[in-house]
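Participant: Mind having a look at this structure? Questions to follow.
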Amino acid sequence: IGQLITTRGKTQEPATEIPAGDFGAVTKLTNTHTGDTLAGSKDVTTALDPINFPEPCYTIAVYPRSQTDLDKMGNALNRAAEEDRTLRVTRDPDTAEVLLSGMGESHLQIVIEGIKRKFGVDLESRDQRISYRETIRKKTRANGRHKRQSGGHGQFGDVWLEIEPLPVGSEETFVFEDKIVGGVVPGQYIPGVEKGVRESLRRGFISGNPMLYVKVALVDGKYHPVDSSAQSFEIAGSLGMQEAVPLASPTILEPVMTVTITVPESNMGDVMSDINTKRGRVLGMTPTGNNLQQITANVPQAELLHYATDLRSITQGRGSFKMEFYQYEEVPGNVQQEIITNYKKAQETKK
């Protein structure tokens, strides 16, 4: 251990000891982190009880403002999370966003300002993108045909696909069935069809989000002894899905969270009214003592992006909550149309 220091406001004073109950500081601790126990002898093996930190309840996406900031962003965020155990840094595999979670909007803004001051990394904060999904509501059948002739060997693949919805929330999100009879599509080409189907589902059809809970059956097709190939049937499979999905009443699903909210009894009515305005469903209420009530509700994630701030305002800072993923559910028509419109605008901007 290097120099011991006590602080008096902004003033630092050297110290020879820090008695029990006092606050102090030690410089240049390379391998020490929040929650570690320091002992004066290697023979001491007892660790102090760990500090229980609150779970983060507010999440934003962070983006670097320049390439230089991008190069240093990961290290700066990890250093900040090591110093402040109420922070959590994750990467959303669906949206590829870097997410920073903490105790509230003000807390994260202070963290971002501190990262710029200490590490020279300038970050932009945005609302995190919601991981929507797509599915279908009807059973239908369509043809996908790929044919190209340009001298020498051409390309040919022809498939008929039958698609139908699986129950939303079921364990299997995609099922592919080979129902070919009589070899009208040779076996070596069928994996290509499935690959084309899977790729089209991954890209989505109406909002650019992956499509789930779909059963696809290859029921018929044609091939050419010279021009057919696995790649031709992969393209045919993708084209078949592009024809079939619009006929199957496609729709958008949104993630719904189970939220557990602890509030004073005097705020119960206001909190439940707020849940209703957020398209939520109250599941139950349980008294927890000390004039507190615990409310459990299912609420769409899109309505909870700023809930830490909303709840603090309603309860004057006396409420708390935690949430976890519940299931995907269909988005209401007006919200769905807004998502589709925003997606189309984004596609036009890319062009």
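By order of appearance in the structure tokens: chains A, B, ..., then residues from 1 within every chain, and ligands from 1 in the order shown.
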Please report as CSV every residue of segment 60-96 of chain A lying within 6 Å of segment 125-128 of chain A, along with the nearest atom pair and their distance in Å (one decimal), using only C-alpha atoms.

Facilitator:
```
residue,atom,partner,partner_atom,distance
A:Ile60,CA,A:Asp127,CA,5.2
A:Ala61,CA,A:Gln128,CA,4.8
A:Val62,CA,A:Ser125,CA,4.6
```

Participant: Please report, as JSON, numbers by chain, each residue of segment 22-264 of chain A to which DSSP assigns helix (DSSP H, G or I) when run on this structure's backbone.

Facilitator: {"A": [67, 68, 69, 70, 71, 72, 73, 74, 75, 76, 77, 78, 79, 80, 81, 82, 83, 105, 106, 107, 108, 109, 110, 111, 112, 113, 114, 115, 116, 117, 118, 119, 187, 188, 189, 190, 191, 192, 193, 194, 195, 196, 197, 198, 199, 200, 201, 202, 203, 230, 231, 232, 233, 234, 235, 236, 237, 238, 239, 240, 241, 242, 243, 244, 245, 246, 247, 248]}

Participant: Pick out the closest residue to Gly240 of chain A from this set: A:Glu162, A:Asp92, A:Glu82, A:Asp49. Count only C-alpha atoms.

Facilitator: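 Checking each of A:Glu162, A:Asp92, A:Glu82, A:Asp49 against Gly240 of chain A, counting only C-alpha atoms, the winner is A:Glu162.
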
Participant: Please provide as a ChimeraX atom specification all residues within 12 Å of Pro93 of chain A, with the sequence filter that same-chain residues fewer than 5 positions apart are discarded (counting only C-alpha atoms).

Facilitator: /A:98-99,129-131

Participant: I need the strand (DSSP E) residues of segment 49-243 of chain A per DSSP on the backbone, written as a PyMOL selection string.

Facilitator: chain A and resi 58-64+88-91+98-102+123-126+133-136+140-148+155-165+174-178+214-222

Participant: For the selection just defined, write its residues with C-alpha atoms to a file, as a PDB file, in the first residue's frame.

Facilitator:
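Full text of again_30.pdb as output:
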```pdb
ATOM      1  CA  TYR A  58     -32.419   2.791 -16.297  1.00  0.00           C
ATOM      2  CA  THR A  59     -30.739   1.930 -19.600  1.00  0.00           C
ATOM      3  CA  ILE A  60     -29.508   4.005 -22.535  1.00  0.00           C
ATOM      4  CA  ALA A  61     -27.541   3.268 -25.692  1.00  0.00           C
ATOM      5  CA  VAL A  62     -24.178   5.011 -26.049  1.00  0.00           C
ATOM      6  CA  TYR A  63     -22.408   5.869 -29.295  1.00  0.00           C
ATOM      7  CA  PRO A  64     -18.934   7.339 -29.870  1.00  0.00           C
ATOM      8  CA  ARG A  88     -23.620  -2.197 -16.033  1.00  0.00           C
ATOM      9  CA  VAL A  89     -22.218  -2.280 -19.571  1.00  0.00           C
ATOM     10  CA  THR A  90     -23.704  -4.777 -22.037  1.00  0.00           C
ATOM     11  CA  ARG A  91     -24.071  -5.265 -25.782  1.00  0.00           C
ATOM     12  CA  VAL A  98     -23.709  -0.809 -26.464  1.00  0.00           C
ATOM     13  CA  LEU A  99     -26.023  -0.342 -23.474  1.00  0.00           C
ATOM     14  CA  LEU A 100     -25.176   1.533 -20.281  1.00  0.00           C
ATOM     15  CA  SER A 101     -27.432   0.825 -17.300  1.00  0.00           C
ATOM     16  CA  GLY A 102     -27.546   2.734 -14.032  1.00  0.00           C
ATOM     17  CA  LEU A 123     -20.164   9.695 -25.944  1.00  0.00           C
ATOM     18  CA  GLU A 124     -23.627  10.392 -27.310  1.00  0.00           C
ATOM     19  CA  SER A 125     -26.598   8.889 -25.462  1.00  0.00           C
ATOM     20  CA  ARG A 126     -29.824   7.727 -27.113  1.00  0.00           C
ATOM     21  CA  ARG A 133     -39.985  -9.310 -33.931  1.00  0.00           C
ATOM     22  CA  GLU A 134     -42.339 -10.286 -36.750  1.00  0.00           C
ATOM     23  CA  THR A 135     -44.691 -13.226 -37.179  1.00  0.00           C
ATOM     24  CA  ILE A 136     -47.672 -14.304 -39.308  1.00  0.00           C
ATOM     25  CA  THR A 140     -50.935 -19.780 -46.890  1.00  0.00           C
ATOM     26  CA  ARG A 141     -49.054 -21.254 -49.837  1.00  0.00           C
ATOM     27  CA  ALA A 142     -46.899 -19.621 -52.527  1.00  0.00           C
ATOM     28  CA  ASN A 143     -44.413 -20.342 -55.288  1.00  0.00           C
ATOM     29  CA  GLY A 144     -40.796 -19.239 -55.511  1.00  0.00           C
ATOM     30  CA  ARG A 145     -39.158 -19.579 -58.907  1.00  0.00           C
ATOM     31  CA  HIS A 146     -35.606 -18.621 -59.841  1.00  0.00           C
ATOM     32  CA  LYS A 147     -34.534 -18.913 -63.480  1.00  0.00           C
ATOM     33  CA  ARG A 148     -31.585 -17.291 -65.214  1.00  0.00           C
ATOM     34  CA  GLN A 155     -29.717 -21.240 -62.901  1.00  0.00           C
ATOM     35  CA  PHE A 156     -33.022 -22.881 -62.088  1.00  0.00           C
ATOM     36  CA  GLY A 157     -34.954 -23.639 -58.920  1.00  0.00           C
ATOM     37  CA  ASP A 158     -38.706 -23.859 -58.384  1.00  0.00           C
ATOM     38  CA  VAL A 159     -40.405 -24.470 -55.022  1.00  0.00           C
ATOM     39  CA  TRP A 160     -43.855 -24.364 -53.484  1.00  0.00           C
ATOM     40  CA  LEU A 161     -43.876 -23.387 -49.813  1.00  0.00           C
ATOM     41  CA  GLU A 162     -46.678 -23.754 -47.306  1.00  0.00           C
ATOM     42  CA  ILE A 163     -46.329 -21.487 -44.252  1.00  0.00           C
ATOM     43  CA  GLU A 164     -48.379 -21.296 -41.074  1.00  0.00           C
ATOM     44  CA  PRO A 165     -48.013 -19.620 -37.660  1.00  0.00           C
ATOM     45  CA  PHE A 174     -39.055 -21.991 -36.515  1.00  0.00           C
ATOM     46  CA  VAL A 175     -39.876 -25.383 -38.016  1.00  0.00           C
ATOM     47  CA  PHE A 176     -38.924 -26.541 -41.523  1.00  0.00           C
ATOM     48  CA  GLU A 177     -40.526 -29.656 -42.991  1.00  0.00           C
ATOM     49  CA  ASP A 178     -39.581 -31.576 -46.131  1.00  0.00           C
ATOM     50  CA  VAL A 214     -43.304 -19.778 -38.308  1.00  0.00           C
ATOM     51  CA  LYS A 215     -43.628 -23.296 -39.696  1.00  0.00           C
ATOM     52  CA  VAL A 216     -42.522 -23.720 -43.322  1.00  0.00           C
ATOM     53  CA  ALA A 217     -43.131 -26.848 -45.391  1.00  0.00           C
ATOM     54  CA  LEU A 218     -41.564 -27.551 -48.784  1.00  0.00           C
ATOM     55  CA  VAL A 219     -44.470 -29.271 -50.529  1.00  0.00           C
ATOM     56  CA  ASP A 220     -43.627 -29.260 -54.240  1.00  0.00           C
ATOM     57  CA  GLY A 221     -41.185 -27.995 -56.833  1.00  0.00           C
ATOM     58  CA  LYS A 222     -39.264 -28.551 -60.041  1.00  0.00           C
TER      59      LYS A 222
END
```

Participant: Would you mind listing, for every residue of segment 296-315 of chain A within 7 Å of segment 251-268 of chain A, the two atoms forming the shortest contact and the distance between them in Å to one decimal, using only C-alpha atoms, sorted by chain and ascending residue number, as JSON lines?

Facilitator:
```
{"residue": "A:Thr296", "atom": "CA", "partner": "A:Thr260", "partner_atom": "CA", "distance": 4.6}
{"residue": "A:Ala297", "atom": "CA", "partner": "A:Val259", "partner_atom": "CA", "distance": 5.3}
{"residue": "A:Asn298", "atom": "CA", "partner": "A:Thr258", "partner_atom": "CA", "distance": 4.5}
{"residue": "A:Val299", "atom": "CA", "partner": "A:Met257", "partner_atom": "CA", "distance": 5.4}
{"residue": "A:Pro300", "atom": "CA", "partner": "A:Val256", "partner_atom": "CA", "distance": 4.1}
{"residue": "A:Gln301", "atom": "CA", "partner": "A:Val256", "partner_atom": "CA", "distance": 5.5}
{"residue": "A:Thr315", "atom": "CA", "partner": "A:Asn267", "partner_atom": "CA", "distance": 6.2}
```

Participant: Output C-alpha atoms of each residue in that selection to a file, as a PDB file, in the first residue's frame.

Facilitator:
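Final output, selection_16.pdb:
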```pdb
ATOM      1  CA  THR A 296     -46.824  -6.628 -10.340  1.00  0.00           C
ATOM      2  CA  ALA A 297     -47.672  -5.776 -13.935  1.00  0.00           C
ATOM      3  CA  ASN A 298     -46.891  -6.716 -17.528  1.00  0.00           C
ATOM      4  CA  VAL A 299     -45.829  -3.676 -19.559  1.00  0.00           C
ATOM      5  CA  PRO A 300     -44.350  -3.343 -23.088  1.00  0.00           C
ATOM      6  CA  GLN A 301     -40.631  -2.577 -22.945  1.00  0.00           C
ATOM      7  CA  THR A 315     -43.568   8.874  -5.747  1.00  0.00           C
TER       8      THR A 315
END
```

Participant: Provide the atom CA of Met285 of chain A to atom CA of Ile314 of chain A distance in Å, to one decimal place.

Facilitator: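 Going from atom CA of Met285 of chain A over to atom CA of Ile314 of chain A, I get 17.7 Å.
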